[in-house]
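Data block for protein-v3.pdb (PDB, C-alpha atoms):
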ATOM      1  CA  MET I   1       8.599  21.891   4.741
ATOM      2  CA  PRO I   2       9.187  22.689   8.430
ATOM      3  CA  ILE I   3       7.784  20.465  11.148
ATOM      4  CA  SER I   4       4.212  21.507  11.888
ATOM      5  CA  PRO I   5       3.369  22.803  15.397
ATOM      6  CA  ASN I   6       0.471  20.306  15.244
ATOM      7  CA  PHE I   7       2.827  17.359  14.733
ATOM      8  CA  THR I   8       2.479  14.364  17.065
ATOM      9  CA  SER I   9       4.138  10.970  16.725
ATOM     10  CA  ILE I  10       0.734   9.231  16.676
ATOM     11  CA  PHE I  11      -1.563  10.771  14.088
ATOM     12  CA  THR I  12      -5.293  10.266  13.484
ATOM     13  CA  GLN I  13      -7.252  11.331  10.414
ATOM     14  CA  SER I  14     -11.010  11.064   9.773
ATOM     15  CA  PHE I  15     -12.530   9.986   6.467
ATOM     16  CA  ASP I  16     -16.160   9.937   5.365
ATOM     17  CA  VAL I  17     -16.991   6.914   3.223
ATOM     18  CA  ASP I  18     -18.222   8.487   0.008
ATOM     19  CA  TYR I  19     -20.505   7.044  -2.670
ATOM     20  CA  PHE I  20     -17.527   6.708  -5.054
ATOM     21  CA  ASP I  21     -15.532   4.733  -2.445
ATOM     22  CA  CYS I  22     -18.134   1.938  -2.310
ATOM     23  CA  ASP I  23     -18.810  -1.287  -4.191
ATOM     24  CA  ILE I  24     -22.140  -2.652  -5.439
ATOM     25  CA  ASN I  25     -23.033  -3.647  -1.866
ATOM     26  CA  ALA I  26     -22.507  -0.095  -0.519
ATOM     27  CA  GLN I  27     -19.408  -1.296   1.352
ATOM     28  CA  LEU I  28     -16.077   0.505   1.261
ATOM     29  CA  LYS I  29     -13.940  -1.076  -1.458
ATOM     30  CA  THR I  30     -10.817  -2.871  -0.275
ATOM     31  CA  VAL I  31      -8.698  -0.733  -2.602
ATOM     32  CA  ASP I  32     -10.209   2.494  -1.237
ATOM     33  CA  LEU I  33      -9.660   1.390   2.361
ATOM     34  CA  CYS I  34      -5.978   0.900   1.490
ATOM     35  CA  LYS I  35      -5.899   4.355  -0.124
ATOM     36  CA  MET I  36      -7.309   5.987   3.021
ATOM     37  CA  ILE I  37      -4.777   4.174   5.197
ATOM     38  CA  GLN I  38      -1.906   5.393   3.038
ATOM     39  CA  MET I  39      -3.352   8.916   2.812
ATOM     40  CA  ALA I  40      -3.146   9.080   6.613
ATOM     41  CA  SER I  41       0.510   8.051   6.508
ATOM     42  CA  SER I  42       1.232  10.648   3.811
ATOM     43  CA  ASN I  43      -0.396  13.451   5.796
ATOM     44  CA  HIS I  44       1.478  12.388   8.931
ATOM     45  CA  ALA I  45       4.741  12.589   6.990
ATOM     46  CA  VAL I  46       3.807  16.098   5.803
ATOM     47  CA  LEU I  47       3.242  17.289   9.380
ATOM     48  CA  GLY I  48       6.528  15.693  10.434
ATOM     49  CA  GLY I  49       8.598  17.259   7.655
ATOM     50  CA  ILE I  50       9.505  13.988   5.912
ATOM     51  CA  SER I  51       7.011  14.125   3.039
ATOM     52  CA  PHE I  52       7.522  13.546  -0.684
ATOM     53  CA  TRP I  53       8.428  17.199  -1.305
ATOM     54  CA  ASP I  54      10.876  17.254   1.617
ATOM     55  CA  LEU I  55      12.616  14.137   0.321
ATOM     56  CA  GLN I  56      12.599  15.370  -3.281
ATOM     57  CA  GLU I  57      15.130  18.035  -2.308
ATOM     58  CA  ALA I  58      17.568  15.115  -2.165
ATOM     59  CA  ASN I  59      15.959  13.211  -5.088
ATOM     60  CA  GLN I  60      14.392  10.750  -2.660
ATOM     61  CA  SER I  61      10.952   9.293  -2.027
ATOM     62  CA  TRP I  62       9.194   6.795   0.195
ATOM     63  CA  VAL I  63       8.097   3.622  -1.616
ATOM     64  CA  VAL I  64       6.098   0.756  -0.130
ATOM     65  CA  TYR I  65       7.883  -2.602   0.065
ATOM     66  CA  LYS I  66       5.357  -4.647   2.076
ATOM     67  CA  PHE I  67       1.773  -3.907   3.094
ATOM     68  CA  ARG I  68      -0.584  -6.127   5.106
ATOM     69  CA  VAL I  69      -4.184  -5.268   5.990
ATOM     70  CA  GLU I  70      -6.400  -7.349   8.295
ATOM     71  CA  ILE I  71     -10.119  -6.536   8.006
ATOM     72  CA  ASP I  72     -12.695  -7.541  10.622
ATOM     73  CA  LYS I  73     -15.619  -5.468   9.363
ATOM     74  CA  MET I  74     -15.832  -3.278   6.283
ATOM     75  CA  PRO I  75     -17.338   0.219   6.748
ATOM     76  CA  LYS I  76     -20.293   1.246   4.596
ATOM     77  CA  TRP I  77     -21.485   4.302   2.705
ATOM     78  CA  GLN I  78     -21.772   7.416   4.906
ATOM     79  CA  ASP I  79     -19.789   5.854   7.751
ATOM     80  CA  ARG I  80     -17.013   7.950   9.252
ATOM     81  CA  ILE I  81     -13.760   6.147   9.967
ATOM     82  CA  GLU I  82     -10.735   7.165  12.019
ATOM     83  CA  VAL I  83      -7.319   6.019  10.790
ATOM     84  CA  SER I  84      -4.548   6.183  13.398
ATOM     85  CA  THR I  85      -0.924   5.688  12.400
ATOM     86  CA  TRP I  86       2.510   5.623  14.018
ATOM     87  CA  ILE I  87       6.055   4.548  13.203
ATOM     88  CA  GLU I  88       7.238   1.307  14.768
ATOM     89  CA  THR I  89      10.801   1.434  13.428
ATOM     90  CA  LEU I  90      12.814   3.816  11.236
ATOM     91  CA  ASP I  91      16.508   3.141  10.681
ATOM     92  CA  GLY I  92      17.154   5.725   7.963
ATOM     93  CA  ILE I  93      16.579   3.478   4.940
ATOM     94  CA  ARG I  94      13.589   1.351   6.043
ATOM     95  CA  SER I  95      10.546   2.107   8.136
ATOM     96  CA  VAL I  96       7.702   0.019   9.550
ATOM     97  CA  ARG I  97       4.513   2.038   9.967
ATOM     98  CA  ASN I  98       1.382   0.682  11.650
ATOM     99  CA  PHE I  99      -2.306   1.578  11.468
ATOM    100  CA  GLU I 100      -5.634   1.039  13.206
ATOM    101  CA  VAL I 101      -9.008   1.824  11.626
ATOM    102  CA  HIS I 102     -12.009   2.561  13.865
ATOM    103  CA  CYS I 103     -15.640   3.024  12.860
ATOM    104  CA  ASN I 104     -18.283   4.060  15.396
ATOM    105  CA  GLY I 105     -15.772   3.424  18.171
ATOM    106  CA  GLU I 106     -15.087  -0.145  16.974
ATOM    107  CA  LEU I 107     -11.739  -1.432  15.669
ATOM    108  CA  VAL I 108     -12.619  -2.676  12.166
ATOM    109  CA  ALA I 109      -9.208  -3.071  10.498
ATOM    110  CA  SER I 110      -5.488  -3.060  11.233
ATOM    111  CA  ALA I 111      -2.517  -2.697   8.930
ATOM    112  CA  SER I 112       1.254  -2.677   8.871
ATOM    113  CA  SER I 113       3.543  -1.440   6.127
ATOM    114  CA  MET I 114       7.244  -1.498   5.364
ATOM    115  CA  TRP I 115       8.667   1.435   3.407
ATOM    116  CA  VAL I 116      12.086   2.100   1.903
ATOM    117  CA  ILE I 117      13.785   5.319   0.810
ATOM    118  CA  MET I 118      14.450   5.278  -2.945
ATOM    119  CA  ASN I 119      16.594   7.661  -4.954
ATOM    120  CA  THR I 120      14.202   8.773  -7.714
ATOM    121  CA  VAL I 121      17.026   9.414 -10.171
ATOM    122  CA  ARG I 122      19.125   6.286  -9.644
ATOM    123  CA  ARG I 123      15.994   4.208  -8.774
ATOM    124  CA  ARG I 124      17.911   2.540  -5.942
ATOM    125  CA  PRO I 125      17.408   2.416  -2.134
ATOM    126  CA  GLU I 126      19.610   4.690  -0.035
ATOM    127  CA  MET I 127      19.866   6.312   3.410
ATOM    128  CA  MET I 128      17.395   9.089   4.223
ATOM    129  CA  ALA I 129      18.918  12.533   3.690
ATOM    130  CA  ILE I 130      16.760  14.472   6.185
ATOM    131  CA  PRO I 131      16.476  14.157  10.001
ATOM    132  CA  HIS I 132      13.759  12.044  11.602
ATOM    133  CA  ASP I 133      14.733  11.894  15.288
ATOM    134  CA  HIS I 134      11.697  14.002  16.246
ATOM    135  CA  PHE I 135       9.481  10.981  15.451
ATOM    136  CA  THR I 136       8.985   8.792  18.513
ATOM    137  CA  LYS I 137       9.427   5.168  17.439
ATOM    138  CA  HIS I 138       6.786   2.918  19.024
ATOM    139  CA  GLY I 139       8.629  -0.393  18.880
ATOM    140  CA  ASP I 140       6.234  -2.147  21.260
ATOM    141  CA  LYS I 141       3.018  -0.871  19.626
ATOM    142  CA  LYS I 142       2.016  -3.499  17.062
ATOM    143  CA  SER I 143      -1.198  -3.490  15.056
ATOM    144  CA  ILE I 144      -1.656  -6.664  12.995
ATOM    145  CA  LYS I 145      -2.164 -10.149  14.439
ATOM    146  CA  GLY I 146      -0.373 -11.990  11.628
ATOM    147  CA  GLU I 147       3.012 -11.588   9.990
ATOM    148  CA  PHE I 148       4.090 -10.410   6.554
ATOM    149  CA  THR I 149       3.856 -13.347   4.139
ATOM    150  CA  THR I 150       7.091 -14.915   2.942
ATOM    151  CA  PHE I 151       6.576 -15.405  -0.783
ATOM    152  CA  GLN I 152       8.222 -17.868  -3.153
ATOM    153  CA  LYS I 153      10.583 -16.341  -5.697
ATOM    154  CA  LYS I 154       9.376 -18.432  -8.644
ATOM    155  CA  PRO I 155       5.953 -19.930  -7.902
ATOM    156  CA  GLU I 156       4.193 -22.082 -10.489
ATOM    157  CA  THR I 157       1.294 -20.069 -11.908
ATOM    158  CA  THR I 158      -1.569 -20.018 -14.395
ATOM    159  CA  HIS I 159      -2.303 -16.976 -16.571
ATOM    160  CA  LEU I 160      -5.304 -14.698 -15.911
ATOM    161  CA  ILE I 161      -4.877 -11.566 -18.056
ATOM    162  CA  THR I 162      -2.296  -9.504 -19.933
ATOM    163  CA  ASP I 163      -2.376  -5.706 -20.113
ATOM    164  CA  LYS I 164      -0.163  -2.620 -20.447
ATOM    165  CA  VAL I 165       0.622   0.146 -17.926
ATOM    166  CA  LYS I 166      -1.483   3.226 -18.665
ATOM    167  CA  TYR I 167      -0.749   6.851 -17.811
ATOM    168  CA  SER I 168      -3.508   6.843 -15.160
ATOM    169  CA  ASP I 169      -1.702   4.008 -13.344
ATOM    170  CA  LEU I 170       1.307   6.218 -12.501
ATOM    171  CA  ASP I 171       2.017   8.195  -9.328
ATOM    172  CA  MET I 172       4.336  11.101  -8.505
ATOM    173  CA  VAL I 173       7.351   8.768  -8.412
ATOM    174  CA  ASN I 174       6.620   7.992 -12.100
ATOM    175  CA  HIS I 175       5.871   4.326 -11.604
ATOM    176  CA  VAL I 176       2.738   2.278 -10.960
ATOM    177  CA  THR I 177       1.150   3.383  -7.699
ATOM    178  CA  ASN I 178       1.242   0.507  -5.205
ATOM    179  CA  ILE I 179      -2.527   0.303  -4.686
ATOM    180  CA  LYS I 180      -3.033  -0.016  -8.457
ATOM    181  CA  TYR I 181      -1.520  -3.529  -8.382
ATOM    182  CA  LEU I 182      -4.179  -4.648  -5.908
ATOM    183  CA  GLU I 183      -6.906  -3.071  -8.033
ATOM    184  CA  TRP I 184      -5.621  -4.956 -11.086
ATOM    185  CA  VAL I 185      -5.717  -8.297  -9.251
ATOM    186  CA  ILE I 186      -9.231  -7.768  -7.876
ATOM    187  CA  ASN I 187     -10.496  -6.682 -11.313
ATOM    188  CA  ALA I 188      -8.948  -9.781 -12.904
ATOM    189  CA  LEU I 189     -10.648 -11.997 -10.333
ATOM    190  CA  LYS I 190     -14.017 -10.296 -10.788
ATOM    191  CA  ALA I 191     -13.730 -10.748 -14.540
ATOM    192  CA  SER I 192     -13.156 -14.482 -14.040
ATOM    193  CA  GLU I 193     -15.911 -14.658 -11.380
ATOM    194  CA  THR I 194     -13.540 -16.231  -8.854
ATOM    195  CA  ALA I 195     -13.137 -13.304  -6.458
ATOM    196  CA  PRO I 196     -14.277 -13.817  -2.854
ATOM    197  CA  ASN I 197     -17.288 -11.798  -1.712
ATOM    198  CA  ASP I 198     -15.440 -10.585   1.384
ATOM    199  CA  ILE I 199     -11.701 -10.098   1.834
ATOM    200  CA  SER I 200     -10.347 -10.397   5.370
ATOM    201  CA  VAL I 201      -6.593 -10.222   4.671
ATOM    202  CA  VAL I 202      -4.582  -8.436   1.989
ATOM    203  CA  ASP I 203      -0.838  -9.073   2.081
ATOM    204  CA  MET I 204       1.233  -7.380  -0.642
ATOM    205  CA  HIS I 205       4.918  -7.536  -1.507
ATOM    206  CA  PHE I 206       6.420  -5.176  -4.099
ATOM    207  CA  ASN I 207       9.461  -6.568  -5.887
ATOM    208  CA  LYS I 208      10.237  -4.294  -8.821
ATOM    209  CA  GLU I 209       8.604  -1.184 -10.244
ATOM    210  CA  LEU I 210       6.554  -1.101 -13.433
ATOM    211  CA  ARG I 211       6.802   1.955 -15.690
ATOM    212  CA  PHE I 212       4.619   3.567 -18.357
ATOM    213  CA  ASN I 213       3.722   1.394 -21.375
ATOM    214  CA  GLN I 214       5.269  -1.767 -19.920
ATOM    215  CA  GLU I 215       3.278  -4.904 -20.636
ATOM    216  CA  TYR I 216       2.452  -7.122 -17.666
ATOM    217  CA  SER I 217       0.535 -10.301 -16.878
ATOM    218  CA  ILE I 218      -1.495 -11.250 -13.810
ATOM    219  CA  GLU I 219      -1.169 -14.888 -12.777
ATOM    220  CA  GLN I 220      -2.635 -17.147 -10.085
ATOM    221  CA  CYS I 221      -0.498 -19.638  -8.191
ATOM    222  CA  VAL I 222      -1.217 -23.321  -8.710
ATOM    223  CA  ALA I 223      -0.382 -24.423  -5.153
ATOM    224  CA  ASN I 224      -2.438 -21.647  -3.499
ATOM    225  CA  ASN I 225      -5.332 -20.005  -5.353
ATOM    226  CA  ASN I 226      -5.247 -17.078  -2.871
ATOM    227  CA  HIS I 227      -1.748 -16.149  -4.101
ATOM    228  CA  PHE I 228      -1.329 -13.874  -7.148
ATOM    229  CA  VAL I 229       1.662 -12.469  -8.988
ATOM    230  CA  ILE I 230       2.227  -9.712 -11.539
ATOM    231  CA  LYS I 231       5.079 -10.134 -14.009
ATOM    232  CA  SER I 232       6.450  -7.822 -16.693
ATOM    233  CA  ASN I 233       6.866  -9.020 -20.275
ATOM    234  CA  GLU I 234      10.636  -8.960 -19.598
ATOM    235  CA  GLY I 235      10.079 -11.796 -17.129
ATOM    236  CA  ASP I 236      10.573  -9.775 -13.932
ATOM    237  CA  LEU I 237       8.420 -10.574 -10.906
ATOM    238  CA  ASN I 238       7.033  -7.166  -9.933
ATOM    239  CA  PHE I 239       4.376  -7.878  -7.326
ATOM    240  CA  GLN I 240       2.895 -10.658  -5.214
ATOM    241  CA  CYS I 241      -0.128 -10.700  -2.966
ATOM    242  CA  VAL I 242      -2.354 -12.973  -0.927
ATOM    243  CA  LEU I 243      -6.109 -12.316  -0.680
ATOM    244  CA  GLU I 244      -7.911 -14.292   2.004
TER
END
Show the structure stored in the file as structure tokens.
Amino acid sequence: MPISPNFTSIFTQSFDVDYFDCDINAQLKTVDLCKMIQMASSNHAVLGGISFWDLQEANQSWVVYKFRVEIDKMPKWQDRIEVSTWIETLDGIRSVRNFEVHCNGELVASASSMWVIMNTVRRRPEMMAIPHDHFTKHGDKKSIKGEFTTFQKKPETTHLITDKVKYSDLDMVNHVTNIKYLEWVINALKASETAPNDISVVDMHFNKELRFNQEYSIEQCVANNNHFVIKSNEGDLNFQCVLE
């Protein structure tokens, strides 16, 4: 798609917190906050001509590699939030994109994400095939206070649940949508009655994709009970996250 005449390098989108976005306390669910943040980034990419459909002409797609969200105050039902997003860096194969979330004029959450360009046929990272110089890179405009977590490659864990990838877990890239992993972890914690009432930090690292009908297990780290991993039945480490 061509670059929209409405394109700007810093983009803001409004969302109304709907009944179906909320938990039992009428607060926006952590998973749905993450969805809204990523929806803003997707719509910004559409306006800038680097969306999924643009990249698919070269069999490419954006995929999230790292995603960190810091939450100060969770919006509630019927609140309107404003999600602002901009690109910090983009070198042609990797991009860091930042976010701020405001509600009633107050900064309530910040996020940063690292994306890579993946060839959807070869399932490997590669250089972006379309131009992106029209995006101003805001290298000095940070959003989060912390840093992306450095995860262990083989942490010692205890088992929580085992399940299989369902059709509804898949996205347009034909693998498990990145937010689905977080939803799985939170559901596993709620089932074991060990989930925190409020989550202030979500830090996710995506290692390897999961595909339809693959069996996976969710495990909790022994050394840090805020650290969770998802592994395939082949033994691959697919996903890690910290919930604080």
**Request:** Give me the result of the PyMOL selection byres ((chain I and resi 64) around 8) on this file, residue by residue, as a ChimeraX atom specification.
**Result:** /I:62-63,65-67,113-116,178,206
**Counting all atoms listed in the file, the residue of I:Lys190, I:Lys137, I:Lys164, I:Lys142 that sits nearest Thr89 in chain I** =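 Of the candidates, the smallest distance to Thr89 in chain I is held by I:Lys137.
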**Message:** For Val101 in chain I, find every residue with an atom within 6 Å (counting all atoms listed in the file), except residues of its own chain fewer than 6 positions away, and show them as a VMD selection string.
**Reply:** chain I and resid 82 to 83 107 to 109
**Request:** Can you pull out every residue within 10 Å of Ile87 in chain I, counting only C-alpha atoms, but drop anything in the same chain fewer than 3 positions away, and send it as a PyMOL selection string?
**Result:** chain I and resi 9-11+41+90+95-99+112-114+135-139+141-142
Explicit residue set for the PyMOL selection byres ((chain I and resi 234-241) around 6), as a tab-separated table (two decimals) with C-alpha atoms, in the coordinates of the input:
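Heads up, here's the output in part.tsv:
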chain	number	residue	atom	x	y	z
I	203	ASP	CA	-0.84	-9.07	2.08
I	204	MET	CA	1.23	-7.38	-0.64
I	205	HIS	CA	4.92	-7.54	-1.51
I	206	PHE	CA	6.42	-5.18	-4.10
I	207	ASN	CA	9.46	-6.57	-5.89
I	208	LYS	CA	10.24	-4.29	-8.82
I	227	HIS	CA	-1.75	-16.15	-4.10
I	228	PHE	CA	-1.33	-13.87	-7.15
I	229	VAL	CA	1.66	-12.47	-8.99
I	230	ILE	CA	2.23	-9.71	-11.54
I	231	LYS	CA	5.08	-10.13	-14.01
I	232	SER	CA	6.45	-7.82	-16.69
I	233	ASN	CA	6.87	-9.02	-20.27
I	242	VAL	CA	-2.35	-12.97	-0.93
**Prompt:** Could you write out as a list in words the residues that the PyMOL selection byres ((chain I and resi 145) around 10) matches in the shown file?
**Reply:**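 This file gives the following for the PyMOL selection byres ((chain I and resi 145) around 10): Val69, Glu70, Ser110, Ala111, Ser112, Lys142, Ser143, Ile144, Gly146 and Glu147 of chain I.
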**Prompt:** Near Asp21 in chain I, within 8 Å and counting all atoms listed in the file, which residues show up once chain neighbours fewer than 6 positions away are dropped, as number ranges by chain?
**Reply:** I: 28-29, 32, 77
**Request:** Find, counting only C-alpha atoms, the residue in I:Val121, I:Arg94, I:Leu160, I:Lys76 that gets nearest to Ile24 in chain I.
**Result:**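 With only C-alpha atoms as the atom set, the closest residue is I:Lys76.
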**Request:** Within 6 Å of (0.4, -0.7, -17.7) (coordinates as in the file), grab all the protein and nucleic acid residues, counting all atoms listed in the file, and write them out as a ChimeraX atom specification.
**Result:** /I:164-166,213-215
Prev. selection, C-alpha atoms, output as a short mmCIF file (atom, residue, chain, number, x, y, z; two decimals), in the coordinates of the input:
data_model
loop_
_atom_site.label_atom_id
_atom_site.label_comp_id
_atom_site.auth_asym_id
_atom_site.auth_seq_id
_atom_site.Cartn_x
_atom_site.Cartn_y
_atom_site.Cartn_z
CA LYS I 164 -0.16 -2.62 -20.45
CA VAL I 165 0.62 0.15 -17.93
CA LYS I 166 -1.48 3.23 -18.66
CA ASN I 213 3.72 1.39 -21.38
CA GLN I 214 5.27 -1.77 -19.92
CA GLU I 215 3.28 -4.90 -20.64
#
**Item:** Length of the CA of Arg68 in chain I to CA of Thr149 in chain I vector [Å]
**Value:** 8.5 Å
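Residue nearest Glu126 in chain I, chosen from I:Cys34, I:Leu243, I:Val173, I:Ile93 and counting all atoms listed in the file: I:Ile93.
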**Message:** Env of Met39 in chain I: 12 Å cut, atoms = only C-alpha atoms, seq-sep filter 3 positions within chain, self excluded. Answer as a ChimeraX atom specification.
**Reply:** /I:11-15,32-36,42-46,51,82-85,99,179
Once you have the residues from the selection above, write them out as an mmCIF file, in the frame of the given file, restricted to C-alpha atoms.
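Result file follows (selection_34.cif):
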data_model
loop_
_atom_site.group_PDB
_atom_site.id
_atom_site.type_symbol
_atom_site.label_atom_id
_atom_site.label_comp_id
_atom_site.auth_asym_id
_atom_site.auth_seq_id
_atom_site.Cartn_x
_atom_site.Cartn_y
_atom_site.Cartn_z
ATOM 1 C CA PHE I 11 -1.563 10.771 14.088
ATOM 2 C CA THR I 12 -5.293 10.266 13.484
ATOM 3 C CA GLN I 13 -7.252 11.331 10.414
ATOM 4 C CA SER I 14 -11.010 11.064 9.773
ATOM 5 C CA PHE I 15 -12.530 9.986 6.467
ATOM 6 C CA ASP I 32 -10.209 2.494 -1.237
ATOM 7 C CA LEU I 33 -9.660 1.390 2.361
ATOM 8 C CA CYS I 34 -5.978 0.900 1.490
ATOM 9 C CA LYS I 35 -5.899 4.355 -0.124
ATOM 10 C CA MET I 36 -7.309 5.987 3.021
ATOM 11 C CA SER I 42 1.232 10.648 3.811
ATOM 12 C CA ASN I 43 -0.396 13.451 5.796
ATOM 13 C CA HIS I 44 1.478 12.388 8.931
ATOM 14 C CA ALA I 45 4.741 12.589 6.990
ATOM 15 C CA VAL I 46 3.807 16.098 5.803
ATOM 16 C CA SER I 51 7.011 14.125 3.039
ATOM 17 C CA GLU I 82 -10.735 7.165 12.019
ATOM 18 C CA VAL I 83 -7.319 6.019 10.790
ATOM 19 C CA SER I 84 -4.548 6.183 13.398
ATOM 20 C CA THR I 85 -0.924 5.688 12.400
ATOM 21 C CA PHE I 99 -2.306 1.578 11.468
ATOM 22 C CA ILE I 179 -2.527 0.303 -4.686
#
**Asked** How far is it from CA of Asn187 in chain I to CA of Ile199 in chain I, in Å with one decimal?
**Response**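 Separation between CA of Asn187 in chain I and CA of Ile199 in chain I: 13.6 Å.
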Just need the box for range 204-222 of chain I, edges along x, y and z, holding every atom the file lists for it with 4 Å tacked onto each side, so centre and edge lengths in Å to one decimal, as AutoDock Vina command-line options.
--center_x 3.8 --center_y -9.9 --center_z -11.0 --size_x 20.9 --size_y 34.9 --size_z 28.7
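Across the model, the gap from CA of Val31 in chain I to CA of Lys73 in chain I is 14.6 Å.
Of the residues listed (I:Ser200, I:Thr177, I:Ser4, I:Gln27), I:Gln27 shows the shortest atom-to-atom separation from Asp79 in chain I; distances use all atoms listed in the file.
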**Fill in**
Across I:Asp198, I:Asn226, I:Ala188, I:Cys221, the smallest distance to Lys153 in chain I, with all atoms listed in the file counted, is shown by I:Cys221
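Each of I:Gln78, I:Asn197, I:Leu182, I:Thr150 was checked against Phe20 in chain I using all atoms listed in the file; the smallest atom-to-atom distance is that of I:Gln78.
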**Request:** Place a sphere of radius 12 Å on (11.9, 16.3, -0.4) in the file coordinates and name every protein, DNA or RNA residue with an atom inside or on its surface, counting all atoms listed in the file; give the answer as a list in words.
**Result:** Met1, Pro2, Ala45, Val46, Gly49, Ile50, Ser51, Phe52, Trp53, Asp54, Leu55, Gln56, Glu57, Ala58, Asn59, Gln60, Ser61, Trp62, Ile117, Met118, Asn119, Thr120, Met128, Ala129, Ile130, Pro131 and Val173 of chain I
What does range 115-126 of chain I look like written to a file with N, CA, C and O atoms, as a PDB file, in the first residue's frame?
ATOM      1  N   TRP I 115      11.351  -5.981  17.155  1.00  0.00           N
ATOM      2  CA  TRP I 115      10.764  -6.761  16.083  1.00  0.00           C
ATOM      3  C   TRP I 115      11.856  -7.180  15.103  1.00  0.00           C
ATOM      4  O   TRP I 115      12.868  -6.489  14.954  1.00  0.00           O
ATOM      5  N   VAL I 116      11.633  -8.296  14.433  1.00  0.00           N
ATOM      6  CA  VAL I 116      12.539  -8.721  13.363  1.00  0.00           C
ATOM      7  C   VAL I 116      11.710  -9.013  12.114  1.00  0.00           C
ATOM      8  O   VAL I 116      10.515  -9.321  12.194  1.00  0.00           O
ATOM      9  N   ILE I 117      12.360  -8.880  10.956  1.00  0.00           N
ATOM     10  CA  ILE I 117      11.733  -9.245   9.687  1.00  0.00           C
ATOM     11  C   ILE I 117      11.994 -10.725   9.434  1.00  0.00           C
ATOM     12  O   ILE I 117      13.141 -11.172   9.441  1.00  0.00           O
ATOM     13  N   MET I 118      10.906 -11.498   9.235  1.00  0.00           N
ATOM     14  CA  MET I 118      11.030 -12.926   8.977  1.00  0.00           C
ATOM     15  C   MET I 118      10.500 -13.249   7.588  1.00  0.00           C
ATOM     16  O   MET I 118       9.456 -12.723   7.184  1.00  0.00           O
ATOM     17  N   ASN I 119      11.225 -14.093   6.869  1.00  0.00           N
ATOM     18  CA  ASN I 119      10.720 -14.628   5.613  1.00  0.00           C
ATOM     19  C   ASN I 119       9.695 -15.704   5.958  1.00  0.00           C
ATOM     20  O   ASN I 119      10.019 -16.691   6.638  1.00  0.00           O
ATOM     21  N   THR I 120       8.443 -15.529   5.502  1.00  0.00           N
ATOM     22  CA  THR I 120       7.360 -16.415   5.916  1.00  0.00           C
ATOM     23  C   THR I 120       7.353 -17.740   5.166  1.00  0.00           C
ATOM     24  O   THR I 120       6.558 -18.628   5.492  1.00  0.00           O
ATOM     25  N   VAL I 121       8.219 -17.872   4.177  1.00  0.00           N
ATOM     26  CA  VAL I 121       8.376 -19.151   3.485  1.00  0.00           C
ATOM     27  C   VAL I 121       9.538 -19.930   4.095  1.00  0.00           C
ATOM     28  O   VAL I 121       9.396 -21.096   4.470  1.00  0.00           O
ATOM     29  N   ARG I 122      10.683 -19.276   4.211  1.00  0.00           N
ATOM     30  CA  ARG I 122      11.873 -19.942   4.757  1.00  0.00           C
ATOM     31  C   ARG I 122      11.866 -19.964   6.284  1.00  0.00           C
ATOM     32  O   ARG I 122      12.644 -20.685   6.888  1.00  0.00           O
ATOM     33  N   ARG I 123      10.998 -19.123   6.915  1.00  0.00           N
ATOM     34  CA  ARG I 123      10.879 -19.017   8.368  1.00  0.00           C
ATOM     35  C   ARG I 123      12.201 -18.606   8.990  1.00  0.00           C
ATOM     36  O   ARG I 123      12.576 -19.054  10.071  1.00  0.00           O
ATOM     37  N   ARG I 124      12.908 -17.695   8.323  1.00  0.00           N
ATOM     38  CA  ARG I 124      14.201 -17.211   8.799  1.00  0.00           C
ATOM     39  C   ARG I 124      14.226 -15.697   8.731  1.00  0.00           C
ATOM     40  O   ARG I 124      13.596 -15.083   7.853  1.00  0.00           O
ATOM     41  N   PRO I 125      14.988 -15.018   9.628  1.00  0.00           N
ATOM     42  CA  PRO I 125      15.137 -13.560   9.547  1.00  0.00           C
ATOM     43  C   PRO I 125      15.897 -13.152   8.293  1.00  0.00           C
ATOM     44  O   PRO I 125      16.756 -13.891   7.802  1.00  0.00           O
ATOM     45  N   GLU I 126      15.570 -11.962   7.761  1.00  0.00           N
ATOM     46  CA  GLU I 126      16.287 -11.445   6.609  1.00  0.00           C
ATOM     47  C   GLU I 126      16.079  -9.933   6.520  1.00  0.00           C
ATOM     48  O   GLU I 126      15.258  -9.360   7.228  1.00  0.00           O
TER      49      GLU I 126
END
